[in-house]
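Asker: Structure file data.cif (mmCIF, C-alpha atoms and all ligand atoms) right here:
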```
data_my_file
loop_
_atom_site.label_atom_id
_atom_site.label_comp_id
_atom_site.auth_asym_id
_atom_site.auth_seq_id
_atom_site.Cartn_x
_atom_site.Cartn_y
_atom_site.Cartn_z
CA MET O 1 76.01 -125.69 -32.52
CA ILE O 2 76.65 -129.22 -33.68
CA LYS O 3 78.84 -131.49 -31.56
CA ILE O 4 80.95 -133.98 -33.47
CA GLU O 5 82.65 -136.91 -31.85
CA TYR O 6 83.75 -139.19 -34.68
CA ILE O 7 86.42 -138.50 -37.29
CA SER O 8 84.28 -140.00 -40.09
CA GLU O 9 81.40 -137.67 -39.14
CA MET O 10 83.74 -134.67 -39.21
CA ILE O 11 85.05 -135.66 -42.65
CA ASP O 12 81.48 -136.04 -44.01
CA ILE O 13 80.49 -132.64 -42.69
CA ARG O 14 83.59 -131.07 -44.21
CA LYS O 15 82.77 -132.58 -47.61
CA LYS O 16 79.30 -131.03 -47.46
CA LEU O 17 80.76 -127.64 -46.54
CA ILE O 18 83.09 -127.81 -49.57
CA GLN O 19 80.11 -128.56 -51.84
CA LYS O 20 78.39 -125.45 -50.49
CA ASP O 21 81.59 -123.44 -51.08
CA ASN O 22 81.70 -122.40 -47.42
CA SER O 23 84.99 -121.04 -46.11
CA VAL O 24 85.99 -122.79 -42.91
CA GLY O 25 87.87 -121.23 -39.98
CA PHE O 26 89.38 -123.61 -37.43
CA VAL O 27 90.47 -123.05 -33.84
CA PRO O 28 92.32 -125.98 -32.24
CA THR O 29 92.19 -126.04 -28.41
CA MET O 30 92.72 -128.35 -25.46
CA GLY O 31 89.58 -127.03 -23.76
CA ALA O 32 89.23 -125.15 -20.45
CA LEU O 33 88.31 -122.23 -22.64
CA HIS O 34 88.96 -118.62 -21.62
CA GLU O 35 88.81 -115.21 -23.29
CA GLY O 36 92.09 -115.98 -25.13
CA HIS O 37 90.47 -118.92 -26.92
CA LEU O 38 87.27 -116.95 -27.43
CA SER O 39 89.16 -114.13 -29.17
CA LEU O 40 90.37 -116.65 -31.78
CA ILE O 41 86.86 -117.98 -32.29
CA LYS O 42 85.41 -114.47 -32.66
CA GLU O 43 87.99 -113.65 -35.33
CA SER O 44 87.28 -116.89 -37.16
CA LYS O 45 83.56 -116.18 -37.09
CA GLN O 46 84.13 -112.74 -38.55
CA LYS O 47 86.34 -113.95 -41.37
CA ASN O 48 84.75 -117.27 -42.38
CA ASP O 49 81.34 -118.70 -43.26
CA ILE O 50 81.74 -121.56 -40.82
CA THR O 51 83.82 -121.93 -37.64
CA ILE O 52 84.95 -125.26 -36.26
CA VAL O 53 86.55 -125.49 -32.81
CA SER O 54 88.28 -128.64 -31.65
CA ILE O 55 88.68 -129.66 -28.03
CA PHE O 56 91.26 -132.38 -27.66
CA LEU O 57 93.60 -132.91 -24.74
CA ASN O 58 96.51 -134.31 -26.70
CA PRO O 59 98.50 -136.78 -24.58
CA LEU O 60 101.42 -136.76 -27.03
CA GLN O 61 102.38 -133.20 -26.16
CA PHE O 62 102.64 -133.83 -22.41
CA GLY O 63 105.87 -135.09 -20.87
CA GLU O 64 105.82 -137.95 -18.35
CA ASN O 65 105.94 -135.68 -15.33
CA GLU O 66 103.63 -133.04 -16.71
CA ASP O 67 100.02 -132.22 -15.89
CA LEU O 68 98.00 -134.35 -18.38
CA ASP O 69 96.00 -136.04 -15.61
CA LYS O 70 95.13 -132.87 -13.75
CA TYR O 71 94.63 -130.58 -16.78
CA PRO O 72 91.24 -128.85 -16.28
CA ALA O 73 88.39 -130.30 -18.38
CA PRO O 74 85.24 -128.26 -17.66
CA ILE O 75 83.51 -129.59 -20.78
CA LYS O 76 79.99 -128.38 -19.88
CA ASN O 77 81.24 -124.83 -19.38
CA ASP O 78 83.26 -125.01 -22.62
CA ILE O 79 80.19 -126.09 -24.57
CA SER O 80 78.10 -123.29 -23.14
CA LEU O 81 80.82 -120.70 -23.97
CA LEU O 82 80.95 -122.02 -27.53
CA LYS O 83 77.15 -121.92 -27.84
CA ASN O 84 77.14 -118.32 -26.58
CA LEU O 85 79.50 -117.39 -29.41
CA ASP O 86 77.27 -119.16 -31.90
CA THR O 87 80.08 -121.52 -32.91
CA ASP O 88 78.97 -123.74 -35.79
CA PHE O 89 80.73 -126.99 -34.92
CA VAL O 90 82.73 -128.33 -32.01
CA PHE O 91 84.85 -131.39 -32.75
CA ILE O 92 85.62 -133.41 -29.61
CA PRO O 93 87.37 -136.52 -30.87
CA ASN O 94 87.92 -139.51 -28.70
CA ARG O 95 91.52 -140.20 -27.65
CA ASN O 96 91.21 -143.87 -28.65
CA GLU O 97 90.03 -142.99 -32.13
CA MET O 98 92.67 -140.29 -32.66
CA TYR O 99 95.42 -142.67 -31.54
CA LYS O 100 94.08 -146.14 -32.31
CA GLU O 101 97.66 -147.27 -32.36
CA LYS O 102 100.68 -145.36 -31.12
CA PRO O 103 101.71 -143.14 -34.07
CA LYS O 104 105.09 -143.96 -35.57
CA THR O 105 105.36 -140.81 -37.68
CA ILE O 106 107.62 -138.10 -36.33
CA ILE O 107 107.34 -134.51 -37.49
CA GLU O 108 110.35 -132.51 -36.45
CA ILE O 109 111.90 -129.16 -37.30
CA PRO O 110 115.17 -129.52 -35.39
CA THR O 111 116.31 -125.90 -35.51
CA MET O 112 112.98 -124.72 -34.13
CA PHE O 113 112.48 -127.58 -31.64
CA ASN O 114 115.88 -127.35 -29.94
CA ILE O 115 115.28 -123.98 -28.33
CA LEU O 116 113.00 -122.35 -25.72
CA CYS O 117 110.06 -124.60 -24.76
CA GLY O 118 111.17 -127.34 -27.16
CA LYS O 119 114.49 -127.64 -25.35
CA LYS O 120 112.81 -127.65 -21.94
CA ARG O 121 109.99 -130.01 -22.92
CA PRO O 122 111.48 -132.76 -25.12
CA GLY O 123 108.86 -134.32 -27.42
CA HIS O 124 106.34 -131.55 -26.78
CA PHE O 125 106.41 -130.03 -30.25
CA ASN O 126 106.48 -133.47 -31.92
CA GLY O 127 103.16 -134.07 -30.19
CA VAL O 128 101.81 -130.66 -31.15
CA CYS O 129 102.79 -131.03 -34.81
CA LEU O 130 101.38 -134.53 -35.07
CA VAL O 131 97.99 -133.62 -33.66
CA VAL O 132 97.72 -130.39 -35.67
CA ALA O 133 98.65 -132.27 -38.86
CA LYS O 134 95.97 -134.87 -38.12
CA LEU O 135 93.36 -132.20 -37.38
CA LEU O 136 94.26 -130.27 -40.53
CA ASN O 137 93.85 -133.39 -42.63
CA ILE O 138 90.50 -134.22 -41.03
CA ILE O 139 89.03 -130.71 -41.02
CA GLN O 140 90.80 -129.15 -44.03
CA PRO O 141 90.15 -125.57 -42.92
CA ASN O 142 90.84 -122.56 -45.11
CA ASN O 143 92.10 -120.59 -42.10
CA MET O 144 93.45 -121.69 -38.74
CA TYR O 145 93.63 -119.28 -35.80
CA MET O 146 96.29 -119.59 -33.09
CA GLY O 147 97.55 -117.42 -30.25
CA ILE O 148 100.79 -115.44 -30.16
CA LYS O 149 100.75 -116.47 -26.48
CA ASP O 150 102.40 -119.72 -27.67
CA TYR O 151 104.68 -117.91 -30.05
CA GLN O 152 107.15 -120.72 -30.69
CA GLN O 153 104.26 -123.10 -31.38
CA LEU O 154 102.79 -120.61 -33.86
CA CYS O 155 106.12 -120.29 -35.74
CA ILE O 156 106.57 -124.07 -35.83
CA ILE O 157 103.05 -124.72 -37.11
CA LYS O 158 103.44 -122.01 -39.77
CA LYS O 159 106.65 -123.67 -40.95
CA MET O 160 105.12 -127.16 -40.92
CA VAL O 161 102.12 -125.94 -42.92
CA GLU O 162 104.45 -124.30 -45.44
CA ASP O 163 106.87 -127.23 -45.71
CA LEU O 164 104.15 -129.88 -46.03
CA ASN O 165 101.86 -127.82 -48.29
CA PHE O 166 98.81 -127.91 -46.09
CA ASN O 167 96.27 -125.79 -47.92
CA CYS O 168 95.53 -123.51 -44.99
CA ASN O 169 96.45 -120.01 -43.81
CA VAL O 170 97.75 -119.86 -40.25
CA ILE O 171 96.81 -116.65 -38.49
CA GLY O 172 98.42 -115.57 -35.20
CA LEU O 173 96.37 -113.34 -32.90
CA PRO O 174 97.35 -111.15 -29.91
CA ILE O 175 97.72 -112.33 -26.34
CA ILE O 176 94.65 -111.70 -24.19
CA ARG O 177 95.52 -110.73 -20.61
CA ASP O 178 93.50 -110.32 -17.43
CA GLU O 179 92.91 -106.89 -15.90
CA ASN O 180 96.30 -107.12 -14.11
CA GLY O 181 98.25 -108.04 -17.22
CA LEU O 182 98.62 -111.77 -16.61
CA ALA O 183 98.38 -113.65 -19.92
CA LEU O 184 95.29 -115.86 -19.80
CA SER O 185 96.03 -119.57 -19.71
CA SER O 186 94.04 -122.66 -18.78
CA ARG O 187 96.86 -123.37 -16.32
CA ASN O 188 96.21 -120.13 -14.39
CA SER O 189 93.47 -122.05 -12.55
CA TYR O 190 96.25 -123.96 -10.73
CA LEU O 191 97.54 -120.73 -9.13
CA ASN O 192 96.61 -119.73 -5.59
CA ASP O 193 96.34 -116.01 -4.73
CA ILE O 194 99.99 -115.66 -3.73
CA GLU O 195 101.25 -117.48 -6.82
CA LYS O 196 99.00 -115.35 -9.01
CA GLN O 197 100.33 -112.18 -7.39
CA LYS O 198 103.92 -113.31 -8.07
CA ALA O 199 103.04 -114.11 -11.67
CA LEU O 200 102.12 -110.49 -12.34
CA GLN O 201 105.84 -109.73 -12.41
CA ILE O 202 106.08 -111.51 -15.78
CA ASN O 203 104.14 -108.81 -17.59
CA LYS O 204 105.82 -106.08 -15.52
CA SER O 205 109.07 -107.12 -17.21
CA ARG O 206 107.89 -105.03 -20.14
CA ASN O 207 108.17 -101.93 -17.99
CA ILE O 208 111.69 -102.84 -16.86
CA ILE O 209 112.74 -103.31 -20.47
CA GLY O 210 111.15 -100.03 -21.53
CA GLU O 211 112.90 -98.22 -18.68
CA LEU O 212 116.32 -99.72 -19.50
CA LEU O 213 115.95 -98.86 -23.19
CA ASN O 214 114.93 -95.36 -22.21
CA LYS O 215 118.19 -95.09 -20.26
CA GLY O 216 120.05 -96.02 -23.44
CA ILE O 217 120.95 -99.59 -22.47
CA GLN O 218 121.21 -101.66 -25.65
CA GLU O 219 122.85 -104.94 -24.57
CA PRO O 220 120.39 -107.88 -24.55
CA ASN O 221 122.39 -109.63 -21.79
CA ILE O 222 122.09 -106.74 -19.37
CA ILE O 223 118.37 -106.49 -20.02
CA ILE O 224 117.84 -110.24 -19.62
CA GLU O 225 119.79 -110.35 -16.35
CA LYS O 226 117.73 -107.47 -14.92
CA ILE O 227 114.48 -109.22 -15.85
CA LYS O 228 115.69 -112.49 -14.31
CA ASP O 229 116.78 -110.73 -11.09
CA LYS O 230 113.38 -109.15 -10.68
CA LEU O 231 111.44 -112.33 -11.48
CA GLU O 232 113.51 -114.25 -8.93
CA SER O 233 113.20 -111.50 -6.32
CA VAL O 234 109.40 -111.94 -6.23
CA GLY O 235 109.78 -115.72 -5.83
CA LEU O 236 109.36 -117.01 -9.37
CA ARG O 237 111.61 -119.86 -10.55
CA ILE O 238 113.11 -119.21 -13.96
CA ASP O 239 112.94 -121.79 -16.72
CA TYR O 240 114.28 -119.38 -19.33
CA VAL O 241 114.39 -115.73 -20.29
CA GLU O 242 115.71 -115.12 -23.80
CA MET O 243 115.68 -112.49 -26.52
CA ARG O 244 115.26 -113.76 -30.06
CA GLU O 245 114.42 -112.56 -33.52
CA SER O 246 110.66 -112.75 -34.17
CA ILE O 247 110.65 -114.53 -37.54
CA THR O 248 113.60 -116.92 -37.44
CA LEU O 249 113.63 -117.32 -33.64
CA GLU O 250 117.42 -116.94 -33.80
CA GLU O 251 119.19 -115.42 -30.82
CA THR O 252 119.93 -111.77 -31.34
CA ASN O 253 122.72 -109.54 -30.04
CA LYS O 254 121.14 -106.46 -31.47
CA ILE O 255 117.97 -105.00 -30.06
CA MET O 256 115.41 -104.18 -32.71
CA ASP O 257 111.74 -103.27 -32.41
CA LEU O 258 110.75 -106.76 -33.51
CA SER O 259 113.18 -108.57 -31.22
CA ARG O 260 111.09 -110.65 -28.86
CA ILE O 261 111.55 -111.49 -25.20
CA PHE O 262 110.49 -115.00 -24.25
CA ILE O 263 109.82 -115.81 -20.60
CA ALA O 264 109.05 -119.17 -18.95
CA VAL O 265 108.83 -119.32 -15.17
CA TYR O 266 107.32 -121.42 -12.42
CA SER O 267 105.00 -119.81 -9.92
CA GLY O 268 104.74 -122.52 -7.31
CA ASN O 269 104.50 -125.69 -9.41
CA THR O 270 102.81 -124.04 -12.36
CA ARG O 271 104.79 -123.29 -15.48
CA LEU O 272 103.79 -120.04 -17.18
CA ILE O 273 104.97 -118.61 -20.49
CA ASP O 274 104.71 -115.17 -22.05
CA ASN O 275 106.41 -113.11 -24.74
CA PHE O 276 106.49 -109.58 -26.05
CA THR O 277 108.35 -107.52 -28.63
CA ILE O 278 110.73 -104.70 -27.80
CA GLU O 279 108.31 -102.36 -29.53
CA GLU O 280 105.55 -103.43 -27.12
CA CYS O 281 107.87 -102.81 -24.17
CA LYS O 282 108.61 -99.28 -25.37
CA LEU O 283 104.89 -98.53 -25.76
CA PHE O 284 104.12 -100.07 -22.36
CA PHE O 285 106.73 -97.87 -20.68
CA GLU O 286 105.58 -94.71 -22.44
CA ASN O 287 102.01 -95.26 -21.24
P1 LIG B 301 95.47 -124.42 -25.74
O1 LIG B 301 94.06 -124.79 -25.40
O2 LIG B 301 96.28 -123.98 -24.56
O3 LIG B 301 96.15 -125.46 -26.59
O4 LIG B 301 95.37 -123.13 -26.65
C1 LIG B 301 94.63 -123.13 -27.83
C2 LIG B 301 94.94 -121.87 -28.61
O5 LIG B 301 94.61 -120.73 -27.82
C3 LIG B 301 96.44 -121.75 -28.95
O6 LIG B 301 96.57 -121.28 -30.28
C4 LIG B 301 96.92 -120.74 -27.94
O7 LIG B 301 98.04 -120.00 -28.38
C5 LIG B 301 95.70 -119.84 -27.82
N1 LIG B 301 95.74 -119.07 -26.56
C6 LIG B 301 95.99 -119.56 -25.32
N2 LIG B 301 96.03 -118.55 -24.41
C7 LIG B 301 95.82 -117.41 -25.10
C8 LIG B 301 95.74 -116.02 -24.74
N3 LIG B 301 95.92 -115.62 -23.49
N4 LIG B 301 95.53 -115.11 -25.72
C9 LIG B 301 95.36 -115.51 -27.01
N5 LIG B 301 95.42 -116.80 -27.42
C10 LIG B 301 95.64 -117.74 -26.48
#
```
What is this file in structure tokens?
Ligand code: AMP
Answerer:
Amino acid sequence: MIKIEYISEMIDIRKKLIQKDNSVGFVPTMGALHEGHLSLIKESKQKNDITIVSIFLNPLQFGENEDLDKYPAPIKNDISLLKNLDTDFVFIPNRNEMYKEKPKTIIEIPTMFNILCGKKRPGHFNGVCLVVAKLLNIIQPNNMYMGIKDYQQLCIIKKMVEDLNFNCNVIGLPIIRDENGLALSSRNSYLNDIEKQKALQINKSRNIIGELLNKGIQEPNIIIEKIKDKLESVGLRIDYVEMRESITLEETNKIMDLSRIFIAVYSGNTRLIDNFTIEECKLFFEN
């Protein structure tokens, strides 16, 4: 595996890969890698000649009171995980080089930013879009792999790539969970045992939804209130619970298989997000 630190070096390597007609798969990350990240890398390796992973803790997507300074950065462990997967290149750009001067460009998709996490974390998706646009321009991948875990982010990036004609396919891959159903996240390392136990209720919401649907309940509001009650009853603090349409992210009054439940809660001080379709809830309940 080759480690790349400088943007110019990354651009040179990319030029050489184009000359060799190699297809390039790209997985952008903020490090503290877990099986969720690794699933994206494995898919990229299967579908492309060359896989490039970036590790960049992007300050622009963290709010003032968020966890930028304490975000885990186990770089040695990350490198060894990437080597184990036989990753071709890891790009670890320097913050000062990425943002020599404070960027003045703003990328914004108002209708997609003003809801869910975008509403709760002002500026977050501006930061995400800016860094992904920069990375796409530097790396010019054929395919980029992202997690459905951050579903709103995935939709926004797909739209940005379409609107701005980035020459790259964006592929969303399933959420990887631990053995108890908790969606893997770098932030799970903040949780103590009690907070982790409480967090398991997030995934159990699928069962509640399946059960309510099985009883013939079809009103999104009733379902959302029941989920909220249960999340609160185990001691989680709700940021939002919403049901929206999977493609447009519009709120929906009608429950369809592809309607999606979005959950953001705090367990202790740690903010956790998850999402699942109605279809997944039905299957979860049946099994
Ligand atoms: P992050 O390092 O948190 O910026 O995440 C990098 C990529 O990994 C994003 O596309 C995330 O959606 C994806 N990802 C994070 N957690 C998971 C997970 N549990 N399952 C699948 N993908 C994930």
Asker: Please report the interatomic distance between CA of Asn126 in chain O and CA of Leu173 in chain O in Å with one decimal.
Answerer: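 One can read the CA of Asn126 in chain O to CA of Leu173 in chain O distance as 22.5 Å.
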Asker: Restrict the calculation to all atoms listed in the file, then for each residue of chain O with any atom at most 9 Å from an atom of ligand LIG 301 (chain B) give the closest atom pair and their distance in Å to one decimal, rows by chain and rising residue number, as a tab-separated table.
Answerer:
```
residue	atom	partner	partner_atom	distance
O:Val27	CA	B:LIG301	C2	7.0
O:Pro28	CA	B:LIG301	C1	5.7
O:Thr29	CA	B:LIG301	O1	3.8
O:Met30	CA	B:LIG301	O1	3.8
O:Gly31	CA	B:LIG301	O1	5.3
O:Ala32	CA	B:LIG301	O1	6.9
O:Leu33	CA	B:LIG301	O1	6.9
O:His34	CA	B:LIG301	N2	7.6
O:Glu35	CA	B:LIG301	N3	7.1
O:Gly36	CA	B:LIG301	N4	3.6
O:His37	CA	B:LIG301	O5	4.6
O:Leu38	CA	B:LIG301	N5	8.2
O:Ser39	CA	B:LIG301	C9	6.7
O:Leu40	CA	B:LIG301	N5	6.7
O:Ile55	CA	B:LIG301	O1	7.7
O:Phe56	CA	B:LIG301	O1	8.4
O:Leu57	CA	B:LIG301	O3	8.1
O:Asn58	CA	B:LIG301	O3	8.9
O:Val128	CA	B:LIG301	O3	8.9
O:Tyr145	CA	B:LIG301	O6	6.6
O:Met146	CA	B:LIG301	O6	3.3
O:Gly147	CA	B:LIG301	O7	3.2
O:Ile148	CA	B:LIG301	O7	5.6
O:Lys149	CA	B:LIG301	O7	4.8
O:Asp150	CA	B:LIG301	O7	4.4
O:Tyr151	CA	B:LIG301	O7	7.2
O:Gln153	CA	B:LIG301	O7	7.6
O:Leu154	CA	B:LIG301	O6	7.2
O:Gly172	CA	B:LIG301	O6	7.8
O:Leu173	CA	B:LIG301	C9	6.4
O:Pro174	CA	B:LIG301	C9	5.6
O:Ile175	CA	B:LIG301	N4	3.6
O:Ile176	CA	B:LIG301	N4	3.8
O:Arg177	CA	B:LIG301	N3	5.7
O:Asp178	CA	B:LIG301	N3	8.4
O:Leu182	CA	B:LIG301	N3	8.3
O:Ala183	CA	B:LIG301	N3	4.8
O:Leu184	CA	B:LIG301	N3	3.8
O:Ser185	CA	B:LIG301	N2	4.8
O:Ser186	CA	B:LIG301	O2	6.3
O:Arg187	CA	B:LIG301	O2	8.3
O:Asp274	CA	B:LIG301	N3	8.9
```
Asker: Which residues of range 127-215 of chain O have any atom within 7 Å of an atom in range 225-244 of chain O when counting all atoms listed in the file, and what is the closest pair of atoms for each, with the distance in Å to one decimal? Order the rows by chain and rising number and write it as a tab-separated table.
Answerer:
```
residue	atom	partner	partner_atom	distance
O:Lys198	CA	O:Val234	CA	5.9
O:Gln201	CA	O:Leu231	CA	6.2
O:Ile202	CA	O:Leu231	CA	6.9
O:Ser205	CA	O:Ile227	CA	6.0
```
Asker: Kindly give the distance, in Å, that separates CA of Val131 in chain O and CA of Asp69 in chain O, rounded to a single decimal.
Answerer: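 Taking CA of Val131 in chain O as the start and CA of Asp69 in chain O as the end point, the length is 18.3 Å.
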Asker: Between O:Ile194, O:Ile115, O:Cys281, O:Ile273, which is the closest to Ile223 in chain O once you count only C-alpha atoms?
Answerer: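 Among the listed residues, O:Cys281 lies closest to Ile223 in chain O.
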Asker: Quick one: distance from CA of Asn287 in chain O to CA of Gly216 in chain O in Å, one decimal?
Answerer: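 Pair CA of Asn287 in chain O / CA of Gly216 in chain O returns 18.2 Å.
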Asker: Select, from O:Ala264, O:Leu116, O:Cys155, O:Val90, the residue with the minimum atom-to-atom distance to Tyr6 in chain O, counting only C-alpha atoms.
Answerer: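 Looking at the shortest contact to Tyr6 in chain O, the residue is O:Val90.
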Asker: Kindly list the centre and edge lengths in Å, rounded to one decimal, for the axis-aligned box that covers all listed atoms of range 113-121 of chain O plus 3 Å on each of its six sides, as AutoDock Vina command-line options.
Answerer:
```
--center_x 112.9 --center_y -126.2 --center_z -26.8 --size_x 11.9 --size_y 13.7 --size_z 15.7
```
Asker: List every protein, DNA or RNA residue with an atom no more than 7 Å from (110.0, -107.1, -29.7) in the file's coordinates, counting all atoms listed in the file, and format the result as an MDAnalysis selection string.
Answerer: chainID O and resid 256:261 276:280
Asker: Around (111.1, -134.7, -41.2), as given in the file, which residues come within 10 Å? Count only C-alpha atoms and list them as a list in words.
Answerer: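 Protein, DNA and RNA residues close to (111.1, -134.7, -41.2): Thr105, Ile106, Ile107, Glu108, Ile109, Pro110, Met160, Asp163 and Leu164 of chain O.
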Asker: Ranking O:Ser54, O:Ser44, O:Gln140, O:Asn214 by minimum distance to Glu5 in chain O and counting only C-alpha atoms, which one comes first?
Answerer: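 Among O:Ser54, O:Ser44, O:Gln140, O:Asn214, it is O:Ser54 that comes nearest to Glu5 in chain O.
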Asker: Nearest to Pro72 in chain O: which of O:Lys120, O:Ile92, O:Phe262, O:Asn188 is it, counting only C-alpha atoms?
Answerer: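 That would be O:Asn188, the residue with the smallest distance to Pro72 in chain O.
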Asker: Under the rule that all atoms listed in the file are counted, which of O:Ser8, O:Pro59, O:Gly118, O:Ile139 is the nearest residue to Val24 in chain O?
Answerer: O:Ile139
